[in-house]
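K.L.:
Dropping the structure in here first, questions after.
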Amino acid sequence: MAKKDLAQTTMEIHALLQGLEEPGGRQKAITAALTLLGESYEGVAAQAASAAGSRAKTDLSQTIHDGAVGTASQYFQHKDPKGKTEELATAARYRELTEQAETHTKEQIHHVIKSARRNFDVRNFARDLGNAKTAKLFTLGKDIALSYAGQQYVDALPNRQEAKAARTKSKKGGRKAAKKVKA
């Protein structure tokens with residue numbers, strides 16, 4: 001039997017499929033023919049879904065950076081906070097991104113940290129929050145609110161050098177403003 005070239009075979013298949021009018025009939029015929037040949041057929045929609053799934057796994061960091069943060073556990077895993085002050089800031093930033101919250105309560109932060117499968121130190125919360133405020137990750141005062149520097153810091157994580165640079169920038173700006181007032 002002589003081998004047919006791809007173009008000729010495609011034209012013959014086209015002619016055969018053109019007569020099928022049943023909804024999905026062409027798809028079923030192609031799938032059945034490939035099955036008879038011992039091959040599997042993945043439709044266009046399935047290929048797109050599969051590609052999207054693999055992109056989602058490989059681009060988790062980009063997805064989180066673009067605003068689709070996922071679960072608290074995924075967010076914490078990506079940001080990889082070290083220490084209680086970073087955990088508190090990460091939890092507050094997670095709430096800002098998912099719930100558009102500007103201020104937080106101890107219970108709300110506790111809930112996010114527990115959802116991320118991390119330990120929450122209830123007894124030392126005030127101390128840890130005080131340390132985070134001293135580090136300029138939170139605003140001063142009674143409200144628990146992430147500062148601009150804190151937002152920039154968490155957004156830069158897990159890259160510690162960028163995070164440190166973001167926090168240093170905000171500190172320098174504050175010093176310059178204070179010097180201008182004195183002069």
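To be explicit about the labels: the chains of the structure tokens are called A, B, and onward in the order shown, and within each one the residues are counted from 1, while ligands get numbers from 1 in the order they are shown.
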So that I can check the surroundings of range 122-131 of chain A, please list as a PyMOL selection string every protein, DNA and RNA residue that reaches within 7 Å of it, counting only C-alpha atoms and ignoring chain neighbours fewer than 2 positions away.
P.N.:
chain A and resi 84-85+120+133-135
K.L.:
Can those selected residues be exported to a file as a JSON list (two decimals), in the first residue's frame so that it contains C-alpha atoms?
P.N.:
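Dumped to result.json:
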[["chain", "number", "residue", "atom", "x", "y", "z"],
["A", 84, "LYS", "CA", 6.81, 36.97, 64.15],
["A", 85, "THR", "CA", 7.02, 40.56, 62.88],
["A", 120, "PHE", "CA", 0.16, 32.18, 66.67],
["A", 133, "LYS", "CA", 5.60, 48.90, 64.75],
["A", 134, "THR", "CA", 9.16, 49.73, 65.82],
["A", 135, "ALA", "CA", 10.36, 48.16, 62.55]]
K.L.:
Find the nearest atom pair between each residue of range 127-176 of chain A and range 88-103 of chain A for residues within 10 Å, count only C-alpha atoms, give distances in Å to one decimal, sort rows by chain and ascending number, and present the table as CSV.
P.N.:
residue,atom,partner,partner_atom,distance
A:Asp128,CA,A:Leu88,CA,8.1
A:Leu129,CA,A:Leu88,CA,7.4
A:Ala132,CA,A:Ala89,CA,7.6
A:Lys133,CA,A:Ala89,CA,9.8
A:Leu137,CA,A:Ala89,CA,6.6
A:Phe138,CA,A:Ala89,CA,7.5
A:Asp143,CA,A:Thr103,CA,6.5
A:Ile144,CA,A:Thr103,CA,5.5
A:Ala145,CA,A:Thr103,CA,4.6
A:Leu146,CA,A:Ala92,CA,6.5
A:Ser147,CA,A:Ala89,CA,9.2
A:Gly150,CA,A:Ala89,CA,6.6
A:Gln151,CA,A:Arg93,CA,6.5
A:Gln152,CA,A:Arg93,CA,9.7
A:Tyr153,CA,A:Ala89,CA,8.6
A:Val154,CA,A:Thr90,CA,6.0
A:Asp155,CA,A:Arg93,CA,8.3
A:Leu157,CA,A:Thr90,CA,9.2
K.L.:
Would you put the residues from that selection into a file with N, CA and C atoms, as a short mmCIF file (atom, residue, chain, number, x, y, z; two decimals), in the first residue's frame?
P.N.:
data_model
loop_
_atom_site.label_atom_id
_atom_site.label_comp_id
_atom_site.auth_asym_id
_atom_site.auth_seq_id
_atom_site.Cartn_x
_atom_site.Cartn_y
_atom_site.Cartn_z
N ASP A 128 5.02 41.36 70.03
CA ASP A 128 5.36 41.15 68.62
C ASP A 128 4.85 42.30 67.74
N LEU A 129 3.64 42.77 68.04
CA LEU A 129 3.09 43.90 67.28
C LEU A 129 3.90 45.17 67.57
N ALA A 132 6.94 45.00 65.51
CA ALA A 132 6.61 45.26 64.11
C ALA A 132 6.38 46.76 63.88
N LYS A 133 5.80 47.44 64.86
CA LYS A 133 5.60 48.90 64.75
C LYS A 133 6.94 49.62 64.83
N LEU A 137 6.78 48.46 60.14
CA LEU A 137 5.93 47.65 59.27
C LEU A 137 4.45 47.99 59.48
N PHE A 138 4.13 48.51 60.66
CA PHE A 138 2.77 48.94 60.99
C PHE A 138 2.79 50.40 61.39
N ASP A 143 -4.63 51.71 66.29
CA ASP A 143 -5.10 50.84 65.22
C ASP A 143 -3.99 49.89 64.76
N ILE A 144 -4.39 48.71 64.34
CA ILE A 144 -3.45 47.77 63.74
C ILE A 144 -3.61 47.92 62.24
N ALA A 145 -2.70 48.70 61.65
CA ALA A 145 -2.76 48.97 60.22
C ALA A 145 -1.36 48.86 59.63
N LEU A 146 -1.26 48.19 58.53
CA LEU A 146 0.03 48.03 57.86
C LEU A 146 0.45 49.37 57.27
N SER A 147 1.68 49.75 57.47
CA SER A 147 2.19 51.01 56.92
C SER A 147 2.52 50.82 55.44
N GLY A 150 5.48 48.79 55.25
CA GLY A 150 5.14 47.39 55.51
C GLY A 150 4.56 46.71 54.28
N GLN A 151 3.70 47.43 53.56
CA GLN A 151 3.15 46.88 52.31
C GLN A 151 4.26 46.60 51.32
N GLN A 152 5.15 47.57 51.14
CA GLN A 152 6.25 47.41 50.20
C GLN A 152 7.16 46.26 50.62
N TYR A 153 7.38 46.13 51.91
CA TYR A 153 8.24 45.08 52.44
C TYR A 153 7.65 43.70 52.12
N VAL A 154 6.38 43.50 52.45
CA VAL A 154 5.74 42.20 52.21
C VAL A 154 5.64 41.91 50.72
N ASP A 155 5.33 42.92 49.92
CA ASP A 155 5.23 42.72 48.48
C ASP A 155 6.56 42.28 47.89
N LEU A 157 8.83 40.45 49.44
CA LEU A 157 9.19 39.10 49.87
C LEU A 157 8.86 38.10 48.78
#
K.L.:
Enter the distance from CA of Thr139 in chain A to CA of Glu86 in chain A, in Å, rounded to one decimal.
P.N.:
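Interatomic distance, CA of Thr139 in chain A to CA of Glu86 in chain A: 14.4 Å.
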K.L.:
How many Å separate CA of Asp5 in chain A from CA of Gly25 in chain A?
P.N.:
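Computing the Euclidean distance for CA of Asp5 in chain A and CA of Gly25 in chain A yields 25.3 Å.
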K.L.:
Suppose you want the space between CA of His14 in chain A and CA of Gly38 in chain A; what is it in Å?
P.N.:
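If I compute the distance from CA of His14 in chain A to CA of Gly38 in chain A, I get 21.1 Å.
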K.L.:
Taking into account only C-alpha atoms, which residue in the set A:Ala149, A:Ser115, A:Glu162, A:Ala33 is nearest to Leu17 in chain A?
P.N.:
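Residue with the minimum atom-to-atom distance to Leu17 in chain A: A:Ala33.
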K.L.:
Nearest to Arg117 in chain A: which of A:Leu37, A:Ala72, A:Ala32, A:Ile13 is it, counting only C-alpha atoms?
P.N.:
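Nearest to Arg117 in chain A: A:Ala72.
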K.L.:
Residues of range 4-159 of chain A in helix (DSSP H, G or I) according to DSSP, as a PyMOL selection string?
P.N.:
chain A and resi 6-18+25-36+44-58+60-65+72-79+83-99+106-115+125-134+148-156
